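For reference, work09.cif is printed below; it contains mmCIF, N, CA and C atoms.
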data_target
#
loop_
_atom_site.label_atom_id
_atom_site.label_comp_id
_atom_site.auth_asym_id
_atom_site.auth_seq_id
_atom_site.Cartn_x
_atom_site.Cartn_y
_atom_site.Cartn_z
N MET A 25 -49.66 -7.90 17.77
CA MET A 25 -48.76 -7.49 18.83
C MET A 25 -49.51 -7.40 20.16
N MET A 26 -50.67 -6.81 20.12
CA MET A 26 -51.45 -6.67 21.36
C MET A 26 -51.92 -8.03 21.85
N ASN A 27 -52.24 -8.92 20.93
CA ASN A 27 -52.71 -10.24 21.33
C ASN A 27 -51.61 -11.00 22.07
N GLU A 28 -50.38 -10.86 21.63
CA GLU A 28 -49.27 -11.54 22.29
C GLU A 28 -49.06 -11.00 23.70
N GLU A 29 -49.15 -9.68 23.85
CA GLU A 29 -48.97 -9.08 25.17
C GLU A 29 -50.08 -9.52 26.12
N GLU A 30 -51.28 -9.53 25.63
CA GLU A 30 -52.41 -9.95 26.47
C GLU A 30 -52.27 -11.42 26.85
N TYR A 31 -51.82 -12.24 25.92
CA TYR A 31 -51.64 -13.66 26.19
C TYR A 31 -50.58 -13.87 27.28
N LEU A 32 -49.44 -13.13 27.15
CA LEU A 32 -48.37 -13.26 28.15
C LEU A 32 -48.83 -12.77 29.52
N LYS A 33 -49.57 -11.67 29.56
CA LYS A 33 -50.07 -11.15 30.84
C LYS A 33 -51.04 -12.13 31.48
N SER A 34 -51.84 -12.81 30.68
CA SER A 34 -52.80 -13.76 31.24
C SER A 34 -52.09 -14.99 31.79
N LYS A 35 -50.98 -15.40 31.18
CA LYS A 35 -50.26 -16.58 31.64
C LYS A 35 -49.35 -16.26 32.83
N VAL A 36 -48.58 -15.16 32.73
CA VAL A 36 -47.58 -14.85 33.75
C VAL A 36 -48.12 -13.87 34.78
N GLY A 37 -48.86 -12.92 34.35
CA GLY A 37 -49.36 -11.89 35.24
C GLY A 37 -48.39 -10.73 35.28
N ASN A 38 -48.53 -9.87 36.29
CA ASN A 38 -47.68 -8.70 36.40
C ASN A 38 -46.53 -8.91 37.39
N ARG A 39 -46.30 -10.09 37.84
CA ARG A 39 -45.25 -10.31 38.83
C ARG A 39 -43.87 -10.30 38.15
N ASN A 40 -42.86 -9.90 38.88
CA ASN A 40 -41.47 -9.85 38.38
C ASN A 40 -40.78 -11.15 38.78
N PRO A 41 -40.26 -11.93 37.84
CA PRO A 41 -39.64 -13.21 38.18
C PRO A 41 -38.23 -13.05 38.78
N PHE A 42 -37.66 -11.86 38.73
CA PHE A 42 -36.31 -11.63 39.23
C PHE A 42 -36.38 -11.08 40.64
N THR A 43 -35.48 -11.61 41.49
CA THR A 43 -35.44 -11.15 42.88
C THR A 43 -34.03 -10.74 43.25
N VAL A 44 -33.92 -9.84 44.24
CA VAL A 44 -32.65 -9.35 44.74
C VAL A 44 -32.60 -9.68 46.23
N PRO A 45 -31.46 -10.16 46.72
CA PRO A 45 -31.37 -10.45 48.16
C PRO A 45 -31.64 -9.20 49.00
N GLU A 46 -32.14 -9.43 50.20
CA GLU A 46 -32.46 -8.32 51.11
C GLU A 46 -31.18 -7.54 51.44
N GLY A 47 -31.23 -6.20 51.36
CA GLY A 47 -30.12 -5.34 51.74
C GLY A 47 -28.96 -5.35 50.75
N TYR A 48 -29.19 -5.85 49.55
CA TYR A 48 -28.10 -5.95 48.57
C TYR A 48 -27.58 -4.58 48.18
N PHE A 49 -28.46 -3.65 47.86
CA PHE A 49 -28.02 -2.34 47.39
C PHE A 49 -27.44 -1.50 48.52
N GLU A 50 -27.82 -1.75 49.76
CA GLU A 50 -27.23 -1.02 50.89
C GLU A 50 -25.78 -1.47 51.10
N GLN A 51 -25.51 -2.75 50.89
CA GLN A 51 -24.16 -3.28 51.08
C GLN A 51 -23.27 -3.10 49.84
N LEU A 52 -23.87 -2.86 48.70
CA LEU A 52 -23.12 -2.79 47.45
C LEU A 52 -22.08 -1.68 47.46
N ALA A 53 -22.46 -0.50 47.89
CA ALA A 53 -21.53 0.63 47.90
C ALA A 53 -20.34 0.34 48.80
N GLN A 54 -20.58 -0.23 49.95
CA GLN A 54 -19.48 -0.53 50.88
C GLN A 54 -18.56 -1.62 50.32
N GLN A 55 -19.14 -2.62 49.66
CA GLN A 55 -18.32 -3.68 49.08
C GLN A 55 -17.42 -3.14 47.97
N VAL A 56 -17.94 -2.25 47.15
CA VAL A 56 -17.13 -1.66 46.08
C VAL A 56 -16.02 -0.82 46.67
N MET A 57 -16.31 -0.02 47.68
CA MET A 57 -15.29 0.83 48.31
C MET A 57 -14.22 -0.01 49.00
N ASP A 58 -14.58 -1.15 49.54
CA ASP A 58 -13.59 -2.03 50.20
C ASP A 58 -12.61 -2.62 49.18
N ARG A 59 -13.04 -2.81 47.97
CA ARG A 59 -12.17 -3.41 46.96
C ARG A 59 -11.22 -2.40 46.33
N ILE A 60 -11.51 -1.11 46.45
CA ILE A 60 -10.64 -0.07 45.91
C ILE A 60 -9.49 0.15 46.88
N PRO A 61 -8.22 0.20 46.39
CA PRO A 61 -7.09 0.44 47.31
C PRO A 61 -7.21 1.82 47.96
N ALA A 62 -6.87 1.88 49.23
CA ALA A 62 -7.01 3.12 49.99
C ALA A 62 -5.97 4.14 49.57
N THR A 63 -4.75 3.73 49.33
CA THR A 63 -3.69 4.67 48.95
C THR A 63 -3.00 4.16 47.69
N THR A 64 -2.16 4.97 47.15
CA THR A 64 -1.42 4.57 45.96
C THR A 64 -0.35 3.54 46.29
N GLN A 65 0.01 3.39 47.57
CA GLN A 65 1.01 2.40 47.95
C GLN A 65 0.48 0.99 47.76
N GLU A 66 -0.81 0.83 47.87
CA GLU A 66 -1.39 -0.49 47.70
C GLU A 66 -1.50 -0.88 46.22
N LEU A 67 -1.38 0.11 45.35
CA LEU A 67 -1.42 -0.19 43.92
C LEU A 67 -0.19 -0.99 43.52
N LYS A 68 -0.33 -1.78 42.52
CA LYS A 68 0.80 -2.54 42.02
C LYS A 68 1.77 -1.58 41.34
N PRO A 69 3.07 -1.76 41.56
CA PRO A 69 4.02 -0.87 40.88
C PRO A 69 4.03 -1.15 39.38
N ALA A 70 4.28 -0.10 38.63
CA ALA A 70 4.33 -0.23 37.17
C ALA A 70 5.53 -1.09 36.79
N PRO A 71 5.37 -1.95 35.80
CA PRO A 71 6.50 -2.79 35.39
C PRO A 71 7.64 -1.91 34.86
N LYS A 72 8.86 -2.34 35.15
CA LYS A 72 10.03 -1.59 34.70
C LYS A 72 10.20 -1.78 33.20
N LYS A 73 10.70 -0.72 32.57
CA LYS A 73 10.96 -0.80 31.14
C LYS A 73 12.23 -1.60 30.90
N THR A 74 12.15 -2.52 29.98
CA THR A 74 13.33 -3.29 29.62
C THR A 74 14.15 -2.52 28.61
N VAL A 75 15.34 -3.00 28.36
CA VAL A 75 16.23 -2.34 27.40
C VAL A 75 15.60 -2.36 26.01
N PHE A 76 14.97 -3.47 25.68
CA PHE A 76 14.35 -3.59 24.35
C PHE A 76 13.23 -2.56 24.19
N LYS A 77 12.42 -2.37 25.23
CA LYS A 77 11.33 -1.40 25.15
C LYS A 77 11.87 0.02 25.04
N GLN A 78 13.00 0.30 25.66
CA GLN A 78 13.58 1.63 25.57
C GLN A 78 14.18 1.87 24.19
N LEU A 79 14.72 0.83 23.59
CA LEU A 79 15.36 0.97 22.27
C LEU A 79 14.40 0.76 21.11
N ARG A 80 13.17 0.37 21.41
CA ARG A 80 12.22 0.04 20.34
C ARG A 80 12.01 1.19 19.34
N PRO A 81 11.81 2.44 19.76
CA PRO A 81 11.65 3.51 18.76
C PRO A 81 12.88 3.66 17.86
N TRP A 82 14.06 3.51 18.43
CA TRP A 82 15.29 3.62 17.63
C TRP A 82 15.40 2.45 16.65
N LEU A 83 14.98 1.28 17.07
CA LEU A 83 15.00 0.12 16.16
C LEU A 83 14.03 0.31 15.01
N TYR A 84 12.84 0.86 15.31
CA TYR A 84 11.88 1.14 14.25
C TYR A 84 12.44 2.15 13.26
N ALA A 85 13.07 3.19 13.78
CA ALA A 85 13.64 4.21 12.91
C ALA A 85 14.76 3.62 12.04
N ALA A 86 15.60 2.78 12.64
CA ALA A 86 16.69 2.16 11.88
C ALA A 86 16.13 1.24 10.79
N ALA A 87 15.06 0.52 11.10
CA ALA A 87 14.45 -0.36 10.10
C ALA A 87 13.88 0.46 8.94
N CYS A 88 13.25 1.59 9.25
CA CYS A 88 12.70 2.45 8.19
C CYS A 88 13.82 3.01 7.31
N VAL A 89 14.92 3.40 7.93
CA VAL A 89 16.05 3.93 7.16
C VAL A 89 16.62 2.84 6.25
N CYS A 90 16.75 1.62 6.76
CA CYS A 90 17.27 0.52 5.95
C CYS A 90 16.36 0.24 4.75
N VAL A 91 15.06 0.24 4.98
CA VAL A 91 14.12 0.00 3.88
C VAL A 91 14.24 1.12 2.85
N GLY A 92 14.35 2.37 3.31
CA GLY A 92 14.49 3.49 2.39
C GLY A 92 15.76 3.41 1.57
N VAL A 93 16.88 3.07 2.21
CA VAL A 93 18.15 2.96 1.49
C VAL A 93 18.09 1.82 0.47
N PHE A 94 17.52 0.71 0.87
CA PHE A 94 17.40 -0.43 -0.05
C PHE A 94 16.54 -0.07 -1.25
N THR A 95 15.40 0.58 -1.00
CA THR A 95 14.51 0.97 -2.10
C THR A 95 15.19 1.96 -3.04
N ALA A 96 15.89 2.94 -2.47
CA ALA A 96 16.59 3.92 -3.31
C ALA A 96 17.68 3.23 -4.14
N GLY A 97 18.38 2.28 -3.55
CA GLY A 97 19.41 1.55 -4.29
C GLY A 97 18.83 0.76 -5.45
N VAL A 98 17.71 0.11 -5.21
CA VAL A 98 17.08 -0.67 -6.27
C VAL A 98 16.60 0.25 -7.39
N LEU A 99 15.97 1.36 -7.03
CA LEU A 99 15.48 2.29 -8.05
C LEU A 99 16.63 2.91 -8.84
N PHE A 100 17.69 3.30 -8.16
CA PHE A 100 18.83 3.90 -8.83
C PHE A 100 19.48 2.90 -9.78
N ASN A 101 19.61 1.68 -9.32
CA ASN A 101 20.23 0.63 -10.14
C ASN A 101 19.38 0.33 -11.37
N SER A 102 18.06 0.28 -11.20
CA SER A 102 17.21 -0.02 -12.35
C SER A 102 17.23 1.12 -13.36
N GLN A 103 17.36 2.37 -12.88
CA GLN A 103 17.44 3.49 -13.82
C GLN A 103 18.74 3.43 -14.61
N ASN A 104 19.84 3.02 -13.96
CA ASN A 104 21.10 2.87 -14.68
C ASN A 104 21.00 1.78 -15.72
N ASP A 105 20.37 0.68 -15.38
CA ASP A 105 20.19 -0.41 -16.34
C ASP A 105 19.34 0.05 -17.51
N ASN A 106 18.28 0.78 -17.23
CA ASN A 106 17.41 1.27 -18.31
C ASN A 106 18.16 2.24 -19.21
N SER A 107 18.97 3.12 -18.63
CA SER A 107 19.68 4.09 -19.45
C SER A 107 20.72 3.37 -20.34
N LYS A 108 21.36 2.34 -19.81
CA LYS A 108 22.32 1.58 -20.62
C LYS A 108 21.60 0.87 -21.76
N GLU A 109 20.45 0.29 -21.46
CA GLU A 109 19.69 -0.39 -22.51
C GLU A 109 19.22 0.60 -23.57
N LEU A 110 18.74 1.76 -23.14
CA LEU A 110 18.29 2.76 -24.10
C LEU A 110 19.45 3.25 -24.97
N GLU A 111 20.61 3.39 -24.35
CA GLU A 111 21.79 3.83 -25.10
C GLU A 111 22.17 2.79 -26.16
N GLN A 112 22.12 1.51 -25.77
CA GLN A 112 22.44 0.46 -26.72
C GLN A 112 21.41 0.40 -27.84
N MET A 113 20.13 0.58 -27.50
CA MET A 113 19.09 0.55 -28.52
C MET A 113 19.25 1.73 -29.49
N ALA A 114 19.59 2.90 -28.95
CA ALA A 114 19.77 4.07 -29.81
C ALA A 114 20.94 3.85 -30.77
N THR A 115 22.00 3.24 -30.25
CA THR A 115 23.16 2.96 -31.11
C THR A 115 22.78 1.98 -32.21
N LEU A 116 22.04 0.93 -31.87
CA LEU A 116 21.61 -0.05 -32.86
C LEU A 116 20.67 0.59 -33.88
N GLU A 117 19.76 1.43 -33.42
CA GLU A 117 18.85 2.08 -34.35
C GLU A 117 19.62 2.98 -35.31
N GLN A 118 20.60 3.71 -34.79
CA GLN A 118 21.39 4.59 -35.64
C GLN A 118 22.14 3.78 -36.69
N GLU A 119 22.70 2.64 -36.27
CA GLU A 119 23.40 1.78 -37.23
C GLU A 119 22.44 1.25 -38.27
N ASN A 120 21.23 0.86 -37.82
CA ASN A 120 20.23 0.34 -38.76
C ASN A 120 19.77 1.43 -39.72
N ILE A 121 19.59 2.64 -39.23
CA ILE A 121 19.16 3.73 -40.09
C ILE A 121 20.23 4.00 -41.15
N ASN A 122 21.48 4.05 -40.74
CA ASN A 122 22.56 4.28 -41.70
C ASN A 122 22.62 3.15 -42.73
N TYR A 123 22.45 1.92 -42.28
CA TYR A 123 22.52 0.77 -43.18
C TYR A 123 21.35 0.79 -44.16
N TYR A 124 20.14 0.99 -43.61
CA TYR A 124 18.97 0.90 -44.46
C TYR A 124 18.77 2.15 -45.32
N SER A 125 19.22 3.29 -44.88
CA SER A 125 18.93 4.50 -45.65
C SER A 125 19.59 4.46 -47.02
N ASP A 126 20.84 4.06 -47.10
CA ASP A 126 21.52 4.00 -48.40
C ASP A 126 20.96 2.88 -49.27
N ASN A 127 20.83 1.71 -48.70
CA ASN A 127 20.33 0.58 -49.47
C ASN A 127 18.87 0.77 -49.86
N TYR A 128 18.10 1.35 -49.00
CA TYR A 128 16.68 1.53 -49.24
C TYR A 128 16.44 2.44 -50.45
N ILE A 129 17.16 3.53 -50.51
CA ILE A 129 16.98 4.48 -51.63
C ILE A 129 17.38 3.83 -52.95
N ASP A 130 18.48 3.13 -52.95
CA ASP A 130 18.93 2.48 -54.19
C ASP A 130 17.94 1.42 -54.65
N GLU A 131 17.46 0.60 -53.71
CA GLU A 131 16.53 -0.46 -54.08
C GLU A 131 15.21 0.12 -54.59
N GLU A 132 14.72 1.19 -53.94
CA GLU A 132 13.48 1.81 -54.38
C GLU A 132 13.64 2.47 -55.75
N ALA A 133 14.77 3.09 -55.96
CA ALA A 133 15.00 3.72 -57.27
C ALA A 133 15.05 2.66 -58.37
N ASP A 134 15.69 1.54 -58.09
CA ASP A 134 15.74 0.46 -59.07
C ASP A 134 14.34 -0.11 -59.31
N TYR A 135 13.56 -0.26 -58.25
CA TYR A 135 12.22 -0.83 -58.37
C TYR A 135 11.31 0.10 -59.17
N ALA A 136 11.42 1.38 -58.92
CA ALA A 136 10.58 2.36 -59.62
C ALA A 136 11.13 2.68 -61.00
N MET A 137 12.31 2.16 -61.32
CA MET A 137 12.97 2.37 -62.60
C MET A 137 13.24 3.85 -62.85
N PHE A 138 13.67 4.54 -61.80
CA PHE A 138 14.10 5.93 -61.92
C PHE A 138 15.58 5.96 -62.21
N ASP A 139 15.94 6.84 -63.06
CA ASP A 139 17.38 7.07 -63.21
C ASP A 139 17.71 8.39 -62.53
N ASN A 140 18.95 8.78 -62.52
CA ASN A 140 19.37 9.98 -61.81
C ASN A 140 18.69 11.23 -62.34
N GLN A 141 18.50 11.31 -63.64
CA GLN A 141 17.91 12.50 -64.23
C GLN A 141 16.47 12.69 -63.75
N GLU A 142 15.69 11.60 -63.66
CA GLU A 142 14.31 11.69 -63.19
C GLU A 142 14.26 12.03 -61.70
N ILE A 143 15.20 11.54 -60.92
CA ILE A 143 15.25 11.87 -59.49
C ILE A 143 15.52 13.35 -59.31
N TYR A 144 16.47 13.89 -60.10
CA TYR A 144 16.77 15.32 -60.01
C TYR A 144 15.55 16.15 -60.42
N ALA A 145 14.83 15.70 -61.41
CA ALA A 145 13.63 16.43 -61.87
C ALA A 145 12.57 16.44 -60.78
N CYS A 146 12.40 15.32 -60.08
CA CYS A 146 11.43 15.26 -58.97
C CYS A 146 11.83 16.17 -57.83
N LEU A 147 13.11 16.17 -57.51
CA LEU A 147 13.58 17.02 -56.42
C LEU A 147 13.43 18.50 -56.74
N LEU A 148 13.68 18.87 -58.01
CA LEU A 148 13.54 20.27 -58.41
C LEU A 148 12.08 20.68 -58.48
N ALA A 149 11.19 19.75 -58.80
CA ALA A 149 9.78 20.07 -58.89
C ALA A 149 9.21 20.35 -57.51
N ASP A 150 9.77 19.75 -56.47
CA ASP A 150 9.30 19.98 -55.10
C ASP A 150 9.68 21.36 -54.60
N MET A 151 10.70 21.99 -55.19
CA MET A 151 11.16 23.30 -54.69
C MET A 151 10.25 24.34 -55.18
#
When written as structure tokens, how does the structure in this file appear?
Amino acid sequence: MMNEEEYLKSKVGNRNPFTVPEGYFEQLAQQVMDRIPATTQELKPAPKKTVFKQLRPWLYAAACVCVGVFTAGVLFNSQNDNSKELEQMATLEQENINYYSDNYIDEEADYAMFDNQEIYACLLADM
């Protein structure tokens, strides 16, 4: 690091390559003040608000309400569809249980070769 600094100082020296015109900083303050408007009358008037800009918050609010109503409608409708489907499934399951419960017991009793007397004995033994 030191070698690089020494090398640069030997080549360039201590002179500053940047120059400023004579009296630049004395004139700078006056030039800046001249560019600033003296009164507020010289300022540009603020642009007038259009009807759309005045109604913009109300339009945003209306859009949010529409999105909320649409979302609530979709959710409510899907819950109704789900409840109808669940009701239909429960009815089918109940029908299947009734169908299979009677047939299932008879088929199992035949398969196990139980007669009524043995079934009654098993039921009484559990008590």
- [ ] Write down as a PyMOL selection string the residues belonging to range 25-117 of chain A that are assigned helix (DSSP H, G or I) by DSSP computed on the backbone.
- [x] chain A and resi 26-36+48-59+64-66+75-117
Find the smallest box with edges along x, y and z containing every listed atom of range 72-85 of chain A, then add 3 Å on each side and report centre and edge lengths in Å to one decimal, as JSON.
{"center_x": 12.5, "center_y": 0.3, "center_z": 23.6, "size_x": 13.4, "size_y": 13.8, "size_z": 29.1}
- [ ] Record the distance separating atom C of Cys146 in chain A and CA of Glu132 in chain A, expressed in Å with one decimal.
- [x]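 For atom C of Cys146 in chain A relative to CA of Glu132 in chain A, the distance reads 14.9 Å.
Relative to CA of Glu30 in chain A, atom C of Val44 in chain A is found at 28.0 Å.
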